$ cat run-v7.csv   # CSV, C-alpha atoms and all ligand atoms
chain,number,residue,atom,x,y,z
A,1,PRO,CA,122.3,90.8,107.6
A,2,PRO,CA,124.7,91.9,104.9
A,3,GLN,CA,127.2,94.7,105.7
A,4,LEU,CA,126.3,98.2,104.3
A,5,HIS,CA,128.2,98.8,101.1
A,6,GLU,CA,131.0,101.3,101.5
A,7,VAL,CA,129.6,103.5,98.7
A,8,VAL,CA,126.3,104.1,100.5
A,9,LYS,CA,127.7,104.7,104.0
A,10,PRO,CA,126.9,108.4,103.8
A,11,LEU,CA,123.2,107.3,103.7
A,12,ALA,CA,123.4,105.1,106.7
A,13,TRP,CA,121.3,107.5,108.8
A,14,LEU,CA,118.3,106.9,106.5
A,15,LEU,CA,118.1,103.2,107.1
A,16,GLY,CA,115.1,101.8,108.8
A,17,LYS,CA,111.3,102.4,109.0
A,18,TRP,CA,109.9,105.9,109.5
A,19,ARG,CA,106.3,106.7,110.1
A,20,SER,CA,103.9,109.6,110.7
A,21,GLU,CA,100.2,110.0,111.0
A,22,HIS,CA,100.4,113.8,110.7
A,23,GLY,CA,101.6,114.7,107.3
A,24,ARG,CA,100.2,117.9,105.8
A,25,GLY,CA,99.2,118.2,102.2
A,26,MET,CA,98.4,121.4,100.3
A,27,TYR,CA,98.3,122.9,96.8
A,28,PRO,CA,96.7,125.9,95.3
A,29,THR,CA,94.2,123.6,93.4
A,30,MET,CA,93.0,121.7,96.4
A,31,LYS,CA,91.9,121.8,100.0
A,32,ASN,CA,94.5,121.2,102.7
A,33,PHE,CA,94.6,117.6,103.9
A,34,THR,CA,96.2,115.4,106.5
A,35,TYR,CA,97.8,112.1,105.7
A,36,GLY,CA,99.9,109.3,107.2
A,37,GLU,CA,102.9,107.7,105.6
A,38,GLU,CA,105.4,105.0,106.2
A,39,VAL,CA,108.9,105.2,104.6
A,40,GLU,CA,111.5,102.5,104.6
A,41,PHE,CA,115.1,102.6,103.5
A,42,SER,CA,116.8,99.2,103.4
A,43,HIS,CA,119.7,97.5,101.8
A,44,ILE,CA,121.0,94.1,100.7
A,45,GLY,CA,124.7,94.8,100.7
A,46,GLN,CA,124.7,96.3,97.2
A,47,PRO,CA,125.9,99.9,96.5
A,48,ASN,CA,122.3,101.1,96.6
A,49,LEU,CA,119.4,101.5,99.1
A,50,GLN,CA,115.9,100.3,98.5
A,51,TYR,CA,113.2,102.8,99.1
A,52,ARG,CA,109.5,102.7,99.6
A,53,ALA,CA,106.9,105.2,100.8
A,54,TYR,CA,103.3,104.2,101.4
A,55,SER,CA,100.8,106.9,102.3
A,56,TRP,CA,97.2,106.7,103.5
A,57,MET,CA,94.3,109.0,104.4
A,58,GLY,CA,92.3,109.1,107.7
A,59,ASP,CA,92.6,105.6,109.2
A,60,HIS,CA,94.6,103.0,107.4
A,61,ASP,CA,91.8,101.9,105.2
A,62,THR,CA,92.4,104.4,102.3
A,63,PRO,CA,95.8,103.8,100.7
A,64,MET,CA,97.0,106.9,98.7
A,65,HIS,CA,100.2,107.7,97.0
A,66,ARG,CA,102.9,105.0,96.8
A,67,GLU,CA,106.5,105.1,95.7
A,68,ILE,CA,109.1,102.3,95.3
A,69,GLY,CA,112.6,102.8,94.2
A,70,TYR,CA,116.3,102.8,94.8
A,71,VAL,CA,118.8,105.3,96.0
A,72,ARG,CA,122.3,105.4,94.6
A,73,LEU,CA,125.4,107.5,95.2
A,74,GLN,CA,128.1,108.3,92.7
A,75,PRO,CA,131.0,106.3,94.2
A,76,GLY,CA,133.3,108.4,96.3
A,77,SER,CA,131.0,111.4,96.2
A,78,LEU,CA,127.9,112.8,97.9
A,79,HIS,CA,126.1,113.1,94.7
A,80,VAL,CA,122.8,111.1,95.2
A,81,ALA,CA,120.1,109.8,92.9
A,82,PHE,CA,116.6,108.5,93.7
A,83,ILE,CA,115.1,106.3,91.0
A,84,ILE,CA,111.4,106.1,91.7
A,85,ALA,CA,108.2,104.5,90.4
A,86,HIS,CA,104.9,106.0,91.6
A,87,ASN,CA,101.6,104.2,91.7
A,88,THR,CA,100.0,107.1,90.0
A,89,GLY,CA,101.9,106.3,86.8
A,90,LEU,CA,105.0,108.5,87.0
A,91,SER,CA,108.6,107.3,87.0
A,92,GLU,CA,111.4,109.7,87.7
A,93,VAL,CA,115.0,110.3,88.5
A,94,GLU,CA,115.8,112.9,91.2
A,95,GLU,CA,119.3,114.0,91.9
A,96,GLY,CA,121.0,116.1,94.5
A,97,GLU,CA,123.6,116.2,97.3
A,98,VAL,CA,123.9,114.6,100.7
A,99,ASN,CA,125.0,117.2,103.2
A,100,GLY,CA,125.4,115.6,106.7
A,101,THR,CA,121.8,114.4,107.4
A,102,THR,CA,120.2,116.6,104.7
A,103,ILE,CA,119.4,115.5,101.2
A,104,LYS,CA,118.2,118.1,98.6
A,105,LEU,CA,116.7,116.6,95.5
A,106,GLU,CA,115.4,117.9,92.2
A,107,SER,CA,113.8,115.8,89.4
A,108,LYS,CA,116.1,115.4,86.4
A,109,GLY,CA,113.7,113.3,84.3
A,110,ILE,CA,110.0,112.5,84.7
A,111,SER,CA,108.2,110.0,82.5
A,112,ARG,CA,104.5,109.6,82.3
A,113,LEU,CA,102.0,107.3,80.7
A,114,SER,CA,100.7,108.1,77.3
A,115,PHE,CA,97.2,107.9,78.9
A,116,GLY,CA,98.1,109.8,82.1
A,117,SER,CA,95.6,112.3,83.4
A,118,GLU,CA,96.0,116.1,83.6
A,119,PRO,CA,97.7,118.0,85.1
A,120,SER,CA,101.1,116.5,84.3
A,121,VAL,CA,103.9,116.8,86.9
A,122,LYS,CA,106.7,119.0,85.4
A,123,LYS,CA,109.1,119.2,88.4
A,124,ILE,CA,109.6,117.7,91.8
A,125,VAL,CA,111.9,119.3,94.4
A,126,ARG,CA,112.2,117.8,97.9
A,127,THR,CA,114.3,117.6,101.0
A,128,PHE,CA,114.8,114.8,103.4
A,129,ARG,CA,116.4,116.0,106.7
A,130,MET,CA,117.0,114.2,109.9
A,131,LYS,CA,116.2,117.1,112.3
A,132,GLU,CA,117.2,115.2,115.4
A,133,GLU,CA,117.8,111.6,116.4
A,134,ASP,CA,114.8,109.5,115.2
A,135,VAL,CA,113.0,112.4,113.5
A,136,LEU,CA,113.0,112.7,109.7
A,137,GLU,CA,111.3,115.5,107.8
A,138,GLN,CA,110.3,115.5,104.2
A,139,VAL,CA,109.2,118.7,102.4
A,140,MET,CA,108.1,118.4,98.7
A,141,TYR,CA,107.4,121.0,96.1
A,142,MET,CA,106.0,120.3,92.6
A,143,GLU,CA,105.3,122.1,89.4
A,144,THR,CA,102.5,120.9,87.2
A,145,SER,CA,101.3,121.9,83.7
A,146,ARG,CA,98.9,124.3,85.5
A,147,THR,CA,100.7,125.4,88.6
A,148,PRO,CA,104.2,126.8,89.2
A,149,LEU,CA,106.5,125.2,91.8
A,150,THR,CA,104.5,125.2,95.1
A,151,GLU,CA,104.6,123.1,98.3
A,152,HIS,CA,102.5,119.9,98.2
A,153,LEU,CA,103.7,117.9,101.2
A,154,ARG,CA,105.3,118.4,104.6
A,155,ILE,CA,105.7,115.6,107.1
A,156,GLN,CA,107.8,114.6,110.1
A,157,TYR,CA,108.4,110.9,110.6
A,158,LYS,CA,109.4,109.1,113.7
A,159,LYS,CA,111.8,106.2,113.5
A,160,GLN,CA,110.1,102.9,114.1
A,161,LYS,CA,111.7,100.4,116.4
A,162,HIS,CA,110.6,97.3,114.5
B,201,LIG,C1,96.8,115.8,94.0
B,201,LIG,C2,101.3,114.8,92.5
B,201,LIG,C3,102.3,112.7,96.7
B,201,LIG,C4,97.8,113.4,98.1
B,201,LIG,C5,98.0,115.7,93.3
B,201,LIG,C6,98.1,116.3,91.9
B,201,LIG,C7,99.3,116.0,91.5
B,201,LIG,C8,100.0,115.3,92.5
B,201,LIG,C9,99.9,116.3,90.1
B,201,LIG,C10,97.0,117.0,91.1
B,201,LIG,C11,97.2,118.5,91.4
B,201,LIG,C12,96.3,119.4,90.6
B,201,LIG,O1,95.2,118.9,90.2
B,201,LIG,O2,96.6,120.6,90.5
B,201,LIG,C13,102.0,114.2,93.5
B,201,LIG,C14,103.3,113.7,93.5
B,201,LIG,C15,103.6,113.2,94.7
B,201,LIG,C16,102.4,113.2,95.5
B,201,LIG,C17,104.3,113.9,92.2
B,201,LIG,C18,104.9,112.6,95.2
B,201,LIG,C19,106.1,112.8,94.7
B,201,LIG,C20,101.2,112.7,97.5
B,201,LIG,C21,101.1,112.1,98.8
B,201,LIG,C22,99.8,112.3,99.2
B,201,LIG,C23,99.1,113.0,98.1
B,201,LIG,C24,102.2,111.4,99.6
B,201,LIG,C25,99.2,111.8,100.5
B,201,LIG,C26,98.0,111.3,100.7
B,201,LIG,C27,97.1,114.2,97.2
B,201,LIG,C28,95.7,114.6,97.2
B,201,LIG,C29,95.5,115.3,96.1
B,201,LIG,C30,96.7,115.3,95.3
B,201,LIG,C31,94.8,114.3,98.4
B,201,LIG,C32,94.1,115.9,95.7
B,201,LIG,C33,93.1,115.0,95.2
B,201,LIG,C34,93.5,114.2,94.1
B,201,LIG,O3,93.8,114.8,93.0
B,201,LIG,O4,93.7,113.0,94.2
B,201,LIG,N1,99.2,115.2,93.6
B,201,LIG,N2,101.4,113.9,94.7
B,201,LIG,N3,100.0,113.3,97.1
B,201,LIG,N4,97.7,114.6,96.0
B,201,LIG,FE1,99.6,114.3,95.4

$ encode --input "run-v7.csv" --output "structure tokens" --more "lines below"
Ligand code: HEM
Amino acid sequence: PPQLHEVVKPLAWLLGKWRSEHGRGMYPTMKNFTYGEEVEFSHIGQPNLQYRAYSWMGDHDTPMHREIGYVRLQPGSLHVAFIIAHNTGLSEVEEGEVNGTTIKLESKGISRLSFGSEPSVKKIVRTFRMKEEDVLEQVMYMETSRTPLTEHLRIQYKKQKH
């Protein structure tokens, strides 16, 4: 496998596959729900990581939200950017800082389809935090055209060995 590029070394702790069957979803406009998700950060030796997050409901048979993208760092800094496409028709750039094994992100730009459905997503704020060896937590807040910034997702992944 290629060597991890120097620029993205501060993100090395994210690499690998992370998985949970016990994510919790919520929002003022909906009933609470439980979901599963697998997240993978990988690299090919370039100064970026590849990112994907696939979620499902109940057993594995109902795929839900999906994201695919890249993670970049401003060279020589801890300023991080996620460039993400969502299966729901959003594409966005989130930026923030890496602080040890915590990343705080805020959307800087969200594009949507001309024929996207309501409500529209106005803001995404999320944190990835490695709480302990092999445990990664993600907490996500969003603002929509109808609802102020409110928590939507909270999940703790376990590192997968394969
Ligand atoms: C609903 C956005 C991730 C499950 C929604 C709504 C929005 C949204 C805008 C409609 C809210 C409303 O009507 O007030 C997002 C964004 C995500 C994300 C931007 C990621 C950045 C997820 C994930 C799951 C999920 C990972 C896991 C299964 C749901 C469910 C609903 C919902 C079950 C309610 C039913 C529905 O409208 O489909 N989400 N979501 N979302 N989301 Fe998410």

$ closest_residue --input "run-v7.csv" --among "A:Tyr141, A:Ser117, A:Ser77, A:Ser55" --to "Lys104 (chain A)" --atoms "all atoms listed in the file"
A:Tyr141

$ residues_around --input "run-v7.csv" --residues "Gly96 (chain A)" --least-positions-apart "6" --cutoff "6 Å" --atoms "only C-alpha atoms" --output "number ranges by chain"
A: 79-80, 104-105

$ residues_near_ligand --input "run-v7.csv" --ligand "ligand LIG 201 (chain B)" --cutoff "8 Å" --atoms "only C-alpha atoms and all ligand atoms" --output "PyMOL selection string"
chain A and resi 23+25-31+33-37+53-57+63-67+86+90+118-121+124+140+142-144+146-147+152-153

$ write_last_selection --input "run-v7.csv" --atoms "C-alpha atoms" --output "PDB file, in the frame of the given file"
ATOM      1  CA  GLY A  23     101.600 114.700 107.300  1.00  0.00           C
ATOM      2  CA  GLY A  25      99.200 118.200 102.200  1.00  0.00           C
ATOM      3  CA  MET A  26      98.400 121.400 100.300  1.00  0.00           C
ATOM      4  CA  TYR A  27      98.300 122.900  96.800  1.00  0.00           C
ATOM      5  CA  PRO A  28      96.700 125.900  95.300  1.00  0.00           C
ATOM      6  CA  THR A  29      94.200 123.600  93.400  1.00  0.00           C
ATOM      7  CA  MET A  30      93.000 121.700  96.400  1.00  0.00           C
ATOM      8  CA  LYS A  31      91.900 121.800 100.000  1.00  0.00           C
ATOM      9  CA  PHE A  33      94.600 117.600 103.900  1.00  0.00           C
ATOM     10  CA  THR A  34      96.200 115.400 106.500  1.00  0.00           C
ATOM     11  CA  TYR A  35      97.800 112.100 105.700  1.00  0.00           C
ATOM     12  CA  GLY A  36      99.900 109.300 107.200  1.00  0.00           C
ATOM     13  CA  GLU A  37     102.900 107.700 105.600  1.00  0.00           C
ATOM     14  CA  ALA A  53     106.900 105.200 100.800  1.00  0.00           C
ATOM     15  CA  TYR A  54     103.300 104.200 101.400  1.00  0.00           C
ATOM     16  CA  SER A  55     100.800 106.900 102.300  1.00  0.00           C
ATOM     17  CA  TRP A  56      97.200 106.700 103.500  1.00  0.00           C
ATOM     18  CA  MET A  57      94.300 109.000 104.400  1.00  0.00           C
ATOM     19  CA  PRO A  63      95.800 103.800 100.700  1.00  0.00           C
ATOM     20  CA  MET A  64      97.000 106.900  98.700  1.00  0.00           C
ATOM     21  CA  HIS A  65     100.200 107.700  97.000  1.00  0.00           C
ATOM     22  CA  ARG A  66     102.900 105.000  96.800  1.00  0.00           C
ATOM     23  CA  GLU A  67     106.500 105.100  95.700  1.00  0.00           C
ATOM     24  CA  HIS A  86     104.900 106.000  91.600  1.00  0.00           C
ATOM     25  CA  LEU A  90     105.000 108.500  87.000  1.00  0.00           C
ATOM     26  CA  GLU A 118      96.000 116.100  83.600  1.00  0.00           C
ATOM     27  CA  PRO A 119      97.700 118.000  85.100  1.00  0.00           C
ATOM     28  CA  SER A 120     101.100 116.500  84.300  1.00  0.00           C
ATOM     29  CA  VAL A 121     103.900 116.800  86.900  1.00  0.00           C
ATOM     30  CA  ILE A 124     109.600 117.700  91.800  1.00  0.00           C
ATOM     31  CA  MET A 140     108.100 118.400  98.700  1.00  0.00           C
ATOM     32  CA  MET A 142     106.000 120.300  92.600  1.00  0.00           C
ATOM     33  CA  GLU A 143     105.300 122.100  89.400  1.00  0.00           C
ATOM     34  CA  THR A 144     102.500 120.900  87.200  1.00  0.00           C
ATOM     35  CA  ARG A 146      98.900 124.300  85.500  1.00  0.00           C
ATOM     36  CA  THR A 147     100.700 125.400  88.600  1.00  0.00           C
ATOM     37  CA  HIS A 152     102.500 119.900  98.200  1.00  0.00           C
ATOM     38  CA  LEU A 153     103.700 117.900 101.200  1.00  0.00           C
TER      39      LEU A 153
END

$ closest_residue --input "run-v7.csv" --among "A:Ile44, A:Glu38, A:Ile155, A:Val8" --to "Arg72 (chain A)" --atoms "all atoms listed in the file"
A:Val8

$ closest_residue --input "run-v7.csv" --among "A:Thr150, A:Ser111, A:Thr101, A:Ser20" --to "Glu133 (chain A)" --atoms "only C-alpha atoms"
A:Thr101

$ closest_residue --input "run-v7.csv" --among "A:Glu92, A:Gly16, A:His5, A:Glu21" --to "Leu73 (chain A)" --atoms "only C-alpha atoms"
A:His5

$ atom_distance --input "run-v7.csv" --atom1 "CA of Arg126 (chain A)" --atom2 "CA of Gln46 (chain A)"
24.9 Å

$ atom_distance --input "run-v7.csv" --atom1 "CA of Val139 (chain A)" --atom2 "CA of Ile68 (chain A)"
17.9 Å

$ closest_residue --input "run-v7.csv" --among "A:Glu137, A:Glu95, A:Asp59, A:Glu40" --to "Phe82 (chain A)" --atoms "all atoms listed in the file"
A:Glu95

$ axis_aligned_box --input "run-v7.csv" --around "region 8-19 of chain A" --padding-each-side "5 Å" --output "AutoDock Vina command-line options"
--center_x 117.0 --center_y 105.1 --center_z 105.3 --size_x 31.4 --size_y 16.6 --size_z 19.6

$ atom_distance --input "run-v7.csv" --atom1 "CA of Tyr51 (chain A)" --atom2 "CA of Ser145 (chain A)"
27.3 Å

$ closest_residue --input "run-v7.csv" --among "A:Gly116, A:Pro148, A:Gly69, A:Gly58" --to "Arg24 (chain A)" --atoms "only C-alpha atoms"
A:Gly58

$ residues_around --input "run-v7.csv" --residues "Tyr157 (chain A)" --least-positions-apart "2" --cutoff "6 Å" --atoms "all atoms listed in the file" --output "JSON, numbers by chain"
{"A": [18, 19, 20, 135, 136]}
